[in-house]
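A.B. asks: Just final-v4.txt, nothing more (compact mmCIF, C-alpha atoms and all ligand atoms):
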```txt
# COMPACT_ATOMS: atom_id res chain seq x y z
CA MET A 1 -28.86 14.15 -10.28
CA SER A 2 -25.53 12.49 -10.79
CA LYS A 3 -25.62 8.77 -11.60
CA LEU A 4 -22.71 8.28 -9.21
CA LYS A 5 -23.36 5.61 -6.62
CA ALA A 6 -22.58 6.56 -3.08
CA ALA A 7 -18.98 5.88 -2.04
CA THR A 8 -17.22 4.82 -5.23
CA ALA A 9 -13.45 4.57 -5.52
CA PHE A 10 -12.41 5.19 -9.14
CA VAL A 11 -9.16 3.42 -9.93
CA ASP A 12 -7.23 4.87 -12.86
CA LYS A 13 -5.35 2.09 -14.65
CA GLN A 14 -3.41 4.46 -16.84
CA ALA A 15 -2.11 6.29 -13.78
CA LEU A 16 -0.98 2.94 -12.40
CA GLN A 17 0.93 2.19 -15.59
CA HIS A 18 2.42 5.69 -15.65
CA ASN A 19 3.63 5.26 -12.08
CA LEU A 20 5.24 1.90 -12.83
CA ALA A 21 7.02 3.35 -15.87
CA LEU A 22 8.32 6.23 -13.76
CA ILE A 23 9.59 3.81 -11.11
CA LYS A 24 11.44 1.87 -13.80
CA SER A 25 13.00 5.02 -15.18
CA LYS A 26 14.28 5.98 -11.72
CA ALA A 27 15.99 2.62 -11.22
CA PRO A 28 16.57 1.26 -14.72
CA ALA A 29 18.93 -1.53 -13.66
CA SER A 30 16.53 -3.03 -11.09
CA ARG A 31 13.65 -5.37 -11.69
CA VAL A 32 10.32 -4.46 -10.10
CA LEU A 33 8.52 -6.62 -7.60
CA ALA A 34 5.26 -4.70 -7.39
CA VAL A 35 3.78 -4.86 -3.89
CA ILE A 36 0.05 -5.55 -4.09
CA LYS A 37 -0.62 -6.72 -0.53
CA ALA A 38 -3.79 -5.71 1.34
CA ASN A 39 -5.89 -5.91 -1.81
CA ALA A 40 -3.36 -3.74 -3.64
CA TYR A 41 -3.50 -1.10 -0.91
CA GLY A 42 -7.28 -1.06 -1.27
CA HIS A 43 -7.29 -0.73 -5.08
CA GLY A 44 -8.38 -4.31 -5.93
CA VAL A 45 -5.66 -6.93 -6.26
CA ILE A 46 -6.76 -8.74 -9.42
CA GLN A 47 -7.43 -5.67 -11.52
CA VAL A 48 -4.23 -4.03 -10.35
CA ALA A 49 -2.17 -7.14 -11.11
CA ARG A 50 -3.68 -7.30 -14.60
CA SER A 51 -2.88 -3.64 -15.22
CA LEU A 52 0.72 -3.97 -14.08
CA GLU A 53 1.73 -6.10 -17.03
CA ASN A 54 5.21 -4.54 -17.02
CA ALA A 55 5.98 -5.58 -13.46
CA ASP A 56 8.50 -8.42 -13.15
CA ALA A 57 6.94 -10.02 -10.07
CA PHE A 58 4.37 -9.40 -7.35
CA GLY A 59 4.60 -9.30 -3.57
CA VAL A 60 1.74 -10.04 -1.15
CA ALA A 61 1.48 -10.55 2.60
CA ARG A 62 -1.01 -13.43 2.84
CA ILE A 63 -1.06 -16.74 1.04
CA GLU A 64 -4.79 -16.37 0.31
CA GLU A 65 -3.98 -13.34 -1.83
CA ALA A 66 -1.35 -15.27 -3.75
CA VAL A 67 -3.72 -18.19 -4.38
CA LYS A 68 -6.43 -15.80 -5.55
CA LEU A 69 -4.00 -14.24 -8.02
CA ARG A 70 -3.01 -17.64 -9.41
CA GLU A 71 -6.64 -18.73 -9.68
CA SER A 72 -7.33 -15.56 -11.65
CA GLY A 73 -4.68 -16.53 -14.17
CA ILE A 74 -1.80 -14.32 -13.00
CA ASP A 75 1.34 -16.28 -13.84
CA LYS A 76 4.15 -13.89 -12.89
CA PRO A 77 6.37 -14.77 -9.91
CA ILE A 78 4.61 -14.06 -6.59
CA LEU A 79 6.49 -13.63 -3.32
CA LEU A 80 5.04 -13.98 0.18
CA LEU A 81 6.76 -10.98 1.81
CA GLU A 82 6.36 -12.31 5.35
CA GLY A 83 6.77 -15.91 4.39
CA PHE A 84 4.34 -18.67 5.31
CA TYR A 85 2.78 -18.67 8.78
CA ASP A 86 2.16 -22.38 9.11
CA ALA A 87 3.74 -25.56 7.76
CA ASP A 88 0.35 -26.50 6.25
CA GLU A 89 0.84 -23.72 3.72
CA LEU A 90 3.94 -25.31 2.20
CA ARG A 91 1.92 -27.56 -0.08
CA LEU A 92 0.11 -24.51 -1.43
CA LEU A 93 3.43 -22.80 -2.10
CA SER A 94 4.49 -25.76 -4.13
CA ARG A 95 1.14 -26.29 -5.85
CA TYR A 96 0.79 -22.64 -6.91
CA ASN A 97 4.48 -22.04 -7.61
CA LEU A 98 4.81 -19.28 -5.00
CA GLU A 99 8.06 -17.88 -3.63
CA THR A 100 8.51 -17.35 0.07
CA VAL A 101 10.55 -15.26 2.46
CA ILE A 102 12.18 -17.11 5.34
CA HIS A 103 12.78 -14.89 8.36
CA ASN A 104 13.06 -17.32 11.24
CA VAL A 105 14.39 -20.74 12.14
CA GLU A 106 10.91 -22.25 12.51
CA GLN A 107 10.23 -21.67 8.82
CA LEU A 108 13.55 -23.22 7.87
CA LEU A 109 12.87 -26.34 9.96
CA ALA A 110 9.34 -26.63 8.58
CA ILE A 111 10.69 -26.70 5.03
CA ASP A 112 13.35 -29.22 6.04
CA GLU A 113 10.70 -31.55 7.47
CA GLN A 114 8.19 -31.16 4.67
CA SER A 115 7.72 -34.16 2.44
CA GLY A 116 6.01 -34.43 -0.90
CA LEU A 117 6.98 -31.10 -2.48
CA SER A 118 6.90 -31.43 -6.23
CA GLU A 119 9.83 -29.05 -6.70
CA PRO A 120 12.36 -27.25 -4.50
CA LEU A 121 10.96 -23.98 -3.09
CA LYS A 122 12.11 -20.54 -4.21
CA VAL A 123 13.26 -18.80 -1.08
CA TRP A 124 14.31 -15.26 -0.13
CA LEU A 125 16.23 -15.13 3.14
CA LYS A 126 15.33 -12.04 5.14
CA ILE A 127 18.19 -10.30 6.91
CA ASP A 128 17.50 -7.91 9.78
CA SER A 129 19.75 -5.02 8.78
CA GLY A 130 18.53 -2.78 11.62
CA MET A 131 14.75 -2.45 11.62
CA HIS A 132 14.38 -5.28 14.16
CA ARG A 133 10.99 -6.41 12.95
CA LEU A 134 11.38 -9.46 10.72
CA GLY A 135 14.61 -11.13 9.67
CA ILE A 136 17.56 -13.06 10.98
CA ASP A 137 20.56 -11.41 12.60
CA PRO A 138 23.57 -11.24 10.30
CA GLU A 139 25.44 -13.43 12.84
CA GLN A 140 22.92 -16.23 12.27
CA LEU A 141 23.57 -16.20 8.55
CA PRO A 142 26.28 -18.90 8.46
CA TYR A 143 23.98 -21.31 10.32
CA PHE A 144 21.10 -20.65 7.92
CA LEU A 145 23.31 -20.94 4.85
CA GLU A 146 24.73 -24.24 6.04
CA ARG A 147 21.27 -25.69 6.68
CA ILE A 148 19.96 -24.40 3.36
CA GLU A 149 22.97 -25.74 1.46
CA ILE A 150 22.18 -29.32 2.47
CA CYS A 151 18.40 -28.92 2.14
CA ASP A 152 17.21 -30.28 -1.19
CA LYS A 153 13.79 -28.72 -0.69
CA VAL A 154 15.21 -25.25 -1.36
CA GLN A 155 16.20 -24.09 -4.82
CA LYS A 156 19.71 -22.58 -5.13
CA PRO A 157 20.92 -19.93 -5.28
CA ILE A 158 18.57 -18.34 -2.77
CA ARG A 159 17.87 -14.61 -2.77
CA PHE A 160 18.41 -12.04 0.00
CA ILE A 161 15.96 -9.41 1.20
CA SER A 162 15.90 -6.69 3.85
CA HIS A 163 13.74 -3.67 4.68
CA PHE A 164 14.32 -0.06 5.79
CA ALA A 165 12.94 1.48 8.97
CA CYS A 166 13.55 5.19 8.26
CA ALA A 167 13.99 5.64 4.50
CA ASP A 168 11.40 8.43 4.49
CA GLU A 169 13.73 10.58 6.66
CA LEU A 170 16.31 11.95 4.26
CA ASP A 171 18.78 13.12 6.90
CA ASN A 172 18.65 9.95 8.96
CA PRO A 173 21.95 8.00 8.73
CA ALA A 174 20.17 4.73 9.60
CA THR A 175 19.31 4.03 5.95
CA SER A 176 22.90 4.06 4.67
CA GLU A 177 23.89 1.98 7.71
CA GLN A 178 21.23 -0.58 6.83
CA VAL A 179 22.47 -0.76 3.24
CA GLN A 180 26.02 -1.34 4.47
CA ARG A 181 25.01 -3.96 7.03
CA PHE A 182 22.94 -5.81 4.44
CA LEU A 183 25.68 -5.76 1.81
CA THR A 184 28.43 -6.69 4.27
CA SER A 185 26.47 -9.62 5.65
CA ILE A 186 25.96 -11.21 2.22
CA LYS A 187 29.25 -10.15 0.63
CA GLY A 188 30.63 -12.70 -1.78
CA LEU A 189 27.47 -14.80 -1.77
CA GLU A 190 25.72 -15.76 -4.95
CA GLY A 191 22.07 -14.67 -5.11
CA GLU A 192 19.98 -11.64 -6.03
CA ARG A 193 19.27 -8.93 -3.47
CA SER A 194 16.48 -6.49 -2.58
CA ILE A 195 16.11 -3.76 0.03
CA ALA A 196 14.42 -0.68 -1.51
CA ALA A 197 10.69 0.01 -1.22
CA SER A 198 9.13 3.29 -2.43
CA ALA A 199 11.21 5.69 -0.34
CA GLY A 200 14.43 3.86 -1.17
CA ILE A 201 13.63 3.88 -4.88
CA LEU A 202 12.97 7.63 -4.85
CA LYS A 203 15.69 8.96 -2.57
CA TRP A 204 18.36 6.30 -1.88
CA PRO A 205 19.94 5.24 -5.19
CA GLU A 206 22.62 3.26 -3.31
CA SER A 207 19.79 0.95 -2.20
CA HIS A 208 18.79 -0.05 -5.74
CA MET A 209 19.69 -3.71 -6.19
CA GLU A 210 18.65 -6.52 -8.54
CA TRP A 211 15.09 -6.15 -7.26
CA ASN A 212 13.17 -3.14 -5.93
CA ARG A 213 9.83 -3.45 -4.17
CA PRO A 214 7.59 -0.42 -4.74
CA GLY A 215 4.22 -0.30 -3.04
CA ILE A 216 2.69 3.06 -2.22
CA ILE A 217 4.16 5.07 -5.12
CA LEU A 218 2.60 2.66 -7.61
CA TYR A 219 -0.71 3.99 -6.34
CA GLY A 220 0.41 7.61 -6.67
CA VAL A 221 0.67 8.24 -2.94
CA SER A 222 3.81 9.60 -1.32
CA PRO A 223 5.90 7.71 1.25
CA PHE A 224 7.15 11.08 2.53
CA ASP A 225 5.54 13.76 4.64
CA PHE A 226 7.39 16.58 2.87
CA ALA A 227 5.96 16.03 -0.62
CA ASN A 228 2.81 14.71 -2.25
CA ALA A 229 3.32 12.02 -4.86
CA GLU A 230 2.11 14.39 -7.57
CA GLU A 231 4.97 16.76 -6.74
CA LEU A 232 7.29 13.80 -7.38
CA GLY A 233 5.75 13.13 -10.81
CA PHE A 234 3.35 10.34 -9.85
CA LEU A 235 -0.38 10.31 -10.55
CA PRO A 236 -2.97 9.46 -7.90
CA VAL A 237 -4.62 6.17 -8.86
CA MET A 238 -7.63 6.25 -6.53
CA THR A 239 -10.25 8.98 -6.50
CA LEU A 240 -12.85 8.43 -3.80
CA LYS A 241 -16.19 10.04 -4.50
CA SER A 242 -19.68 10.23 -3.10
CA LYS A 243 -22.47 12.72 -3.40
CA ILE A 244 -24.54 15.23 -1.52
CA ILE A 245 -27.80 13.72 -0.28
CA SER A 246 -29.10 16.70 1.68
CA ILE A 247 -28.45 20.42 2.11
CA LYS A 248 -29.95 22.47 4.87
CA THR A 249 -29.46 25.97 6.17
CA VAL A 250 -28.50 25.96 9.81
CA ARG A 251 -28.73 29.10 11.90
CA LYS A 252 -25.78 30.64 13.70
CA GLY A 253 -25.08 29.03 17.07
CA GLU A 254 -26.75 25.69 16.29
CA PRO A 255 -25.04 22.30 16.75
CA VAL A 256 -24.57 19.79 13.93
CA GLY A 257 -24.26 16.04 14.29
CA TYR A 258 -23.56 13.53 17.07
CA GLY A 259 -22.41 14.95 20.35
CA ALA A 260 -23.15 18.48 19.11
CA SER A 261 -19.39 18.77 18.73
CA TRP A 262 -19.52 21.51 16.10
CA ILE A 263 -21.53 24.71 16.45
CA THR A 264 -22.12 27.02 13.49
CA GLU A 265 -20.53 30.44 13.78
CA ARG A 266 -22.90 32.04 11.25
CA ASP A 267 -25.98 31.08 9.30
CA THR A 268 -24.63 28.56 6.80
CA ASN A 269 -25.49 25.71 4.45
CA VAL A 270 -24.58 22.26 5.68
CA ALA A 271 -24.41 19.36 3.25
CA VAL A 272 -24.66 15.69 4.09
CA ILE A 273 -22.40 13.43 1.99
CA ALA A 274 -23.14 9.74 1.70
CA ILE A 275 -19.92 8.32 3.06
CA GLY A 276 -18.81 7.54 6.60
CA TYR A 277 -16.67 5.31 8.72
CA GLY A 278 -18.69 2.31 7.51
CA ASP A 279 -16.96 2.94 4.19
CA GLY A 280 -13.56 3.41 5.81
CA TYR A 281 -13.58 7.20 5.85
CA PRO A 282 -11.90 7.97 9.19
CA ARG A 283 -14.21 8.85 12.05
CA THR A 284 -11.33 10.82 13.55
CA ALA A 285 -11.36 13.37 10.68
CA PRO A 286 -11.53 16.65 12.60
CA TYR A 287 -13.26 19.91 11.75
CA GLY A 288 -11.53 21.38 8.72
CA THR A 289 -10.56 18.17 6.95
CA PRO A 290 -11.03 19.14 3.29
CA VAL A 291 -13.64 17.70 0.92
CA TRP A 292 -13.62 18.78 -2.74
CA ILE A 293 -17.02 19.97 -3.99
CA ASN A 294 -17.68 21.93 -7.20
CA GLY A 295 -14.12 23.15 -7.60
CA ARG A 296 -13.29 24.14 -4.04
CA LYS A 297 -12.39 22.70 -0.67
CA VAL A 298 -15.01 22.73 2.05
CA PRO A 299 -14.41 21.61 5.64
CA VAL A 300 -15.77 18.54 7.35
CA ALA A 301 -17.89 19.99 10.15
CA GLY A 302 -19.33 17.84 12.91
CA ARG A 303 -18.58 14.23 13.66
CA VAL A 304 -18.25 11.66 10.89
CA SER A 305 -21.11 9.11 11.18
CA MET A 306 -21.21 5.52 9.96
CA ASP A 307 -22.89 6.25 6.63
CA MET A 308 -22.64 10.02 6.32
CA LEU A 309 -20.58 13.05 7.05
CA THR A 310 -21.41 16.75 7.10
CA VAL A 311 -19.54 19.65 5.53
CA ASP A 312 -19.93 23.40 5.82
CA LEU A 313 -20.68 24.75 2.33
CA GLY A 314 -20.77 28.36 3.51
CA PRO A 315 -23.67 30.83 3.49
CA ASP A 316 -23.57 31.65 -0.25
CA SER A 317 -23.20 28.13 -1.67
CA GLN A 318 -24.77 27.17 -4.98
CA ASP A 319 -24.32 23.41 -4.57
CA LYS A 320 -27.26 21.08 -5.09
CA VAL A 321 -28.40 17.72 -3.78
CA GLY A 322 -26.88 15.10 -6.07
CA ASP A 323 -23.63 17.02 -6.67
CA GLU A 324 -20.43 15.01 -6.41
CA ALA A 325 -17.98 15.24 -3.55
CA THR A 326 -14.39 14.03 -3.80
CA LEU A 327 -12.97 12.78 -0.53
CA TRP A 328 -9.49 12.36 -2.02
CA GLY A 329 -7.77 11.66 -5.31
CA ARG A 330 -7.15 13.65 -8.47
CA GLU A 331 -8.37 17.01 -7.17
CA LEU A 332 -7.47 16.54 -3.52
CA PRO A 333 -4.30 14.64 -2.56
CA VAL A 334 -4.91 11.86 -0.06
CA GLU A 335 -1.71 12.99 1.65
CA GLU A 336 -3.40 16.32 2.51
CA VAL A 337 -6.45 14.58 3.98
CA ALA A 338 -4.18 12.21 5.92
CA LYS A 339 -2.35 15.13 7.55
CA HIS A 340 -5.63 16.51 8.91
CA VAL A 341 -6.57 13.09 10.22
CA GLY A 342 -3.15 12.44 11.78
CA THR A 343 -2.34 9.40 9.66
CA ILE A 344 -0.64 8.58 6.37
CA GLY A 345 -2.00 8.15 2.86
CA TYR A 346 -1.17 4.42 3.07
CA GLU A 347 -3.76 3.91 5.77
CA LEU A 348 -6.56 5.89 4.17
CA VAL A 349 -6.52 4.07 0.82
CA THR A 350 -5.99 0.65 2.39
CA ARG A 351 -8.76 0.78 4.96
CA LEU A 352 -11.75 1.33 2.67
CA THR A 353 -14.39 -1.27 3.40
CA SER A 354 -16.07 -3.65 0.97
CA ARG A 355 -19.10 -1.36 0.82
CA VAL A 356 -17.11 1.01 -1.40
CA GLU A 357 -17.47 0.08 -5.05
CA LEU A 358 -14.20 -0.07 -6.97
CA SER A 359 -14.69 1.26 -10.49
CA TYR A 360 -11.87 0.92 -13.04
CA VAL A 361 -11.35 3.75 -15.47
CA GLU A 362 -8.69 4.90 -17.89
CA CYS A 363 -8.16 8.65 -17.63
CA ASP A 364 -5.37 10.47 -19.42
C1 LIG A 401 4.82 -3.19 2.12
C2 LIG A 401 6.19 -3.57 1.77
C3 LIG A 401 6.86 -2.95 0.72
C4 LIG A 401 6.31 -1.74 -0.02
O1 LIG A 401 6.50 -0.59 0.77
P1 LIG A 401 6.06 0.86 0.23
O2 LIG A 401 6.55 1.79 1.27
O3 LIG A 401 4.58 0.82 0.14
O4 LIG A 401 6.71 1.03 -1.09
C5 LIG A 401 8.10 -3.44 0.36
N1 LIG A 401 8.65 -4.49 1.02
C6 LIG A 401 8.04 -5.09 2.05
C7 LIG A 401 8.70 -6.22 2.74
C8 LIG A 401 6.80 -4.65 2.48
O5 LIG A 401 6.20 -5.24 3.51
```
Have the structure of the file written as structure tokens, please.
Ligand SMILES: *Cc1c(COP(=O)(O)O)cnc(C)c1O

C.D. replies:
Amino acid sequence: MSKLKAATAFVDKQALQHNLALIKSKAPASRVLAVIKANAYGHGVIQVARSLENADAFGVARIEEAVKLRESGIDKPILLLEGFYDADELRLLSRYNLETVIHNVEQLLAIDEQSGLSEPLKVWLKIDSGMHRLGIDPEQLPYFLERIEICDKVQKPIRFISHFACADELDNPATSEQVQRFLTSIKGLEGERSIAASAGILKWPESHMEWNRPGIILYGVSPFDFANAEELGFLPVMTLKSKIISIKTVRKGEPVGYGASWITERDTNVAVIAIGYGDGYPRTAPYGTPVWINGRKVPVAGRVSMDMLTVDLGPDSQDKVGDEATLWGRELPVEEVAKHVGTIGYELVTRLTSRVELSYVECD
């Protein structure tokens, strides 16, 4: 029997480094702020940060993640992509030398009123260039700049940041419009700029500025629905595996699993794999979602349980209890699994639970 523990996500550090190098070659004039929010999209934030030694800076979404990185000895610049949520966090920004986005007036006033900062804060002002999620309207910019100019708690020059809504749609004019709105709003101002995330880096060269912010392609997952990352030259970093813990022959016309939602159409061999929604494998994976076993794809058949799922091996299968199953990764692109499930690769890798062991390997 395989020594593999149930539900292990193998994280390939060399693939991570390959992907970063490829990103740099696609935008050689831009520095890379590697986005490692949400536990590095499920890959383990500390290990990923240590592997990405050629990144110029890191971006996270929560201050706890930034503090954890600092306490693990990571000394590269770290940016809070959504800024701080509460004025209490300002002391931590200062203490741990963290950079912050400002996207609203409340954050600006909180900085203004904060006393006892050891040094002026490094700030990126977020401009809403059309996504209408975070960021200030370009018309509010003069007000913000005036306030910032006289605020000695902010280091000058500040930087400018914005974010695309539709960069994964190559024929959507919104992306070029966002670039223009962003550039027009900050024209003539001193300060470095950043707008491109993965899709911008790959397909919108006009969006490459002093800083790019790749997330998903670092992990070898595509931001697009028309191509897997591997087709774009990237290598999948995570391979999620478990193993077969039971095989039984089920007669034609018999139900399998909760709710009897799948009925066999022939006598067949059904395998139980030790992974389920308790590990973050989606319960909504329908019949036919592929699982890679012994060199072929077999369909998920029957409802995904908390700790297990069932697949139809077919009537002539040679598989044995203890054999490995790959849920996604090297042999089976996560993008393909995501399409069956009706979601995106981003969500599948990010939502693994803490029960899944992360195991770091260096493949070639
Ligand atoms: C998550 C995020 C990114 C990275 O996006 P990807 O599509 O994963 O490359 C970049 N910038 C900001 C502000 C983000 O929130």

A.B. asks: Nearest to ligand LIG 401 (chain A): which of A:Trp292, A:Tyr96, A:Phe84, A:Tyr346 is it, counting all atoms listed in the file?

C.D. replies: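 Closest residue, counting all atoms listed in the file: A:Tyr346.
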
A.B. asks: Any idea what the distance is between CA of Arg303 (chain A) and CA of Tyr281 (chain A)?

C.D. replies: 11.6 Å

A.B. asks: Counting all atoms listed in the file, which of A:Val60, A:Thr350, A:Leu327, A:Leu69 gets nearest to Lys297 (chain A)?

C.D. replies: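 Closest candidate: A:Leu327.
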
A.B. asks: So which residues touch region 268-274 of chain A within 10 Å, counting only C-alpha atoms, skipping near sequence neighbours fewer than 4 positions away, as a PyMOL selection string?

C.D. replies: chain A and resi 5-7+241-252+256+264+279+291+300-302+304-327

A.B. asks: Take CA of Val67 (chain A) and CA of Leu79 (chain A) and report the distance between them in Å, one decimal.

C.D. replies: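 Separation of CA of Val67 (chain A) and CA of Leu79 (chain A): 11.2 Å.
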
A.B. asks: Around ligand LIG 401 (chain A), out to 6 Å and counting all atoms listed in the file, which residues are there? I want them as number ranges by chain.

C.D. replies: A: 35, 81, 163, 197-198, 213-216, 223

A.B. asks: Considering all atoms listed in the file, can you say which of A:Leu20, A:Ala9, A:Ala87, A:Ala27 comes closest to Gly233 (chain A)?

C.D. replies: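 Looking only at the distances to Gly233 (chain A), the closest residue turns out to be A:Leu20.
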
A.B. asks: Using only C-alpha atoms and a cutoff of 8 Å, can you tell me which residues are near (18.8, -20.2, -5.1) in the file's coordinates, and write them out as number ranges by chain?

C.D. replies: A: 122-123, 154-159, 191

A.B. asks: Go ahead and save the residues from that selection, with C-alpha atoms, as an mmCIF file, keeping the file's coordinate frame.

C.D. replies:
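Generated output (out24.cif):
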```
data_model
loop_
_atom_site.group_PDB
_atom_site.id
_atom_site.type_symbol
_atom_site.label_atom_id
_atom_site.label_comp_id
_atom_site.auth_asym_id
_atom_site.auth_seq_id
_atom_site.Cartn_x
_atom_site.Cartn_y
_atom_site.Cartn_z
ATOM 1 C CA LYS A 122 12.110 -20.540 -4.210
ATOM 2 C CA VAL A 123 13.260 -18.800 -1.080
ATOM 3 C CA VAL A 154 15.210 -25.250 -1.360
ATOM 4 C CA GLN A 155 16.200 -24.090 -4.820
ATOM 5 C CA LYS A 156 19.710 -22.580 -5.130
ATOM 6 C CA PRO A 157 20.920 -19.930 -5.280
ATOM 7 C CA ILE A 158 18.570 -18.340 -2.770
ATOM 8 C CA ARG A 159 17.870 -14.610 -2.770
ATOM 9 C CA GLY A 191 22.070 -14.670 -5.110
#
```

A.B. asks: Name the residues in contact with Lys126 (chain A) at a cut-off of 12 Å, using only C-alpha atoms, excluding same-chain residues fewer than 6 positions from it; report them as a PyMOL selection string.

C.D. replies: chain A and resi 80-83+100-105+107-108+132-138+140-141+144-145+158-163+182+185-186+193-195

A.B. asks: I want to know what sits within 12 Å of Ile78 (chain A), based on all atoms listed in the file, with residues of the same chain fewer than 4 positions away left out; could you give that as a count of residues only?

C.D. replies: 36

A.B. asks: Would you mind listing what lies within 10 Å of Arg91 (chain A) as a CSV table (one decimal) with C-alpha atoms, keeping the file's coordinate frame, with only C-alpha atoms counted and same-chain residues fewer than 6 positions away left out?

C.D. replies:
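File written: result29.csv
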```
chain,number,residue,atom,x,y,z
A,97,ASN,CA,4.5,-22.0,-7.6
A,114,GLN,CA,8.2,-31.2,4.7
A,115,SER,CA,7.7,-34.2,2.4
A,116,GLY,CA,6.0,-34.4,-0.9
A,117,LEU,CA,7.0,-31.1,-2.5
A,118,SER,CA,6.9,-31.4,-6.2
```

A.B. asks: For region 144-157 of chain A, where the input has fewer atoms than it should, I would like N, CA, C and O atoms rebuilt and written as a PDB file, in the frame of the given file.

C.D. replies:
```
ATOM      1  N   PHE A 144      22.179 -20.495   8.903  1.00  0.00           N
ATOM      2  CA  PHE A 144      21.100 -20.650   7.920  1.00  0.00           C
ATOM      3  C   PHE A 144      21.639 -21.144   6.574  1.00  0.00           C
ATOM      4  O   PHE A 144      21.056 -22.024   5.945  1.00  0.00           O
ATOM      5  N   LEU A 145      22.760 -20.557   6.160  1.00  0.00           N
ATOM      6  CA  LEU A 145      23.310 -20.940   4.850  1.00  0.00           C
ATOM      7  C   LEU A 145      23.726 -22.398   4.835  1.00  0.00           C
ATOM      8  O   LEU A 145      23.509 -23.102   3.841  1.00  0.00           O
ATOM      9  N   GLU A 146      24.302 -22.842   5.944  1.00  0.00           N
ATOM     10  CA  GLU A 146      24.730 -24.240   6.040  1.00  0.00           C
ATOM     11  C   GLU A 146      23.530 -25.181   5.947  1.00  0.00           C
ATOM     12  O   GLU A 146      23.535 -26.170   5.206  1.00  0.00           O
ATOM     13  N   ARG A 147      22.488 -24.856   6.713  1.00  0.00           N
ATOM     14  CA  ARG A 147      21.270 -25.690   6.680  1.00  0.00           C
ATOM     15  C   ARG A 147      20.642 -25.680   5.292  1.00  0.00           C
ATOM     16  O   ARG A 147      20.175 -26.714   4.798  1.00  0.00           O
ATOM     17  N   ILE A 148      20.595 -24.523   4.674  1.00  0.00           N
ATOM     18  CA  ILE A 148      19.960 -24.400   3.360  1.00  0.00           C
ATOM     19  C   ILE A 148      20.769 -25.161   2.306  1.00  0.00           C
ATOM     20  O   ILE A 148      20.206 -25.837   1.443  1.00  0.00           O
ATOM     21  N   GLU A 149      22.098 -25.083   2.433  1.00  0.00           N
ATOM     22  CA  GLU A 149      22.970 -25.740   1.460  1.00  0.00           C
ATOM     23  C   GLU A 149      22.662 -27.237   1.343  1.00  0.00           C
ATOM     24  O   GLU A 149      22.638 -27.802   0.257  1.00  0.00           O
ATOM     25  N   ILE A 150      22.407 -27.865   2.489  1.00  0.00           N
ATOM     26  CA  ILE A 150      22.180 -29.320   2.470  1.00  0.00           C
ATOM     27  C   ILE A 150      20.696 -29.680   2.358  1.00  0.00           C
ATOM     28  O   ILE A 150      20.334 -30.846   2.410  1.00  0.00           O
ATOM     29  N   CYS A 151      19.838 -28.649   2.206  1.00  0.00           N
ATOM     30  CA  CYS A 151      18.400 -28.920   2.140  1.00  0.00           C
ATOM     31  C   CYS A 151      17.958 -28.985   0.680  1.00  0.00           C
ATOM     32  O   CYS A 151      17.963 -27.976  -0.025  1.00  0.00           O
ATOM     33  N   ASP A 152      17.558 -30.160   0.234  1.00  0.00           N
ATOM     34  CA  ASP A 152      17.210 -30.280  -1.190  1.00  0.00           C
ATOM     35  C   ASP A 152      15.798 -29.789  -1.481  1.00  0.00           C
ATOM     36  O   ASP A 152      15.330 -29.851  -2.614  1.00  0.00           O
ATOM     37  N   LYS A 153      15.123 -29.274  -0.453  1.00  0.00           N
ATOM     38  CA  LYS A 153      13.790 -28.720  -0.690  1.00  0.00           C
ATOM     39  C   LYS A 153      13.836 -27.231  -1.017  1.00  0.00           C
ATOM     40  O   LYS A 153      12.791 -26.598  -1.204  1.00  0.00           O
ATOM     41  N   VAL A 154      15.043 -26.670  -1.029  1.00  0.00           N
ATOM     42  CA  VAL A 154      15.210 -25.250  -1.360  1.00  0.00           C
ATOM     43  C   VAL A 154      16.031 -25.120  -2.627  1.00  0.00           C
ATOM     44  O   VAL A 154      17.100 -25.720  -2.751  1.00  0.00           O
ATOM     45  N   GLN A 155      15.501 -24.320  -3.552  1.00  0.00           N
ATOM     46  CA  GLN A 155      16.200 -24.090  -4.820  1.00  0.00           C
ATOM     47  C   GLN A 155      17.399 -23.156  -4.607  1.00  0.00           C
ATOM     48  O   GLN A 155      17.295 -22.187  -3.851  1.00  0.00           O
ATOM     49  N   LYS A 156      18.518 -23.435  -5.273  1.00  0.00           N
ATOM     50  CA  LYS A 156      19.710 -22.580  -5.130  1.00  0.00           C
ATOM     51  C   LYS A 156      19.985 -21.876  -6.459  1.00  0.00           C
ATOM     52  O   LYS A 156      19.706 -22.436  -7.503  1.00  0.00           O
ATOM     53  N   PRO A 157      20.592 -20.696  -6.475  1.00  0.00           N
ATOM     54  CA  PRO A 157      20.920 -19.930  -5.280  1.00  0.00           C
ATOM     55  C   PRO A 157      19.674 -19.261  -4.698  1.00  0.00           C
ATOM     56  O   PRO A 157      18.749 -18.929  -5.436  1.00  0.00           O
TER      57      PRO A 157
END
```
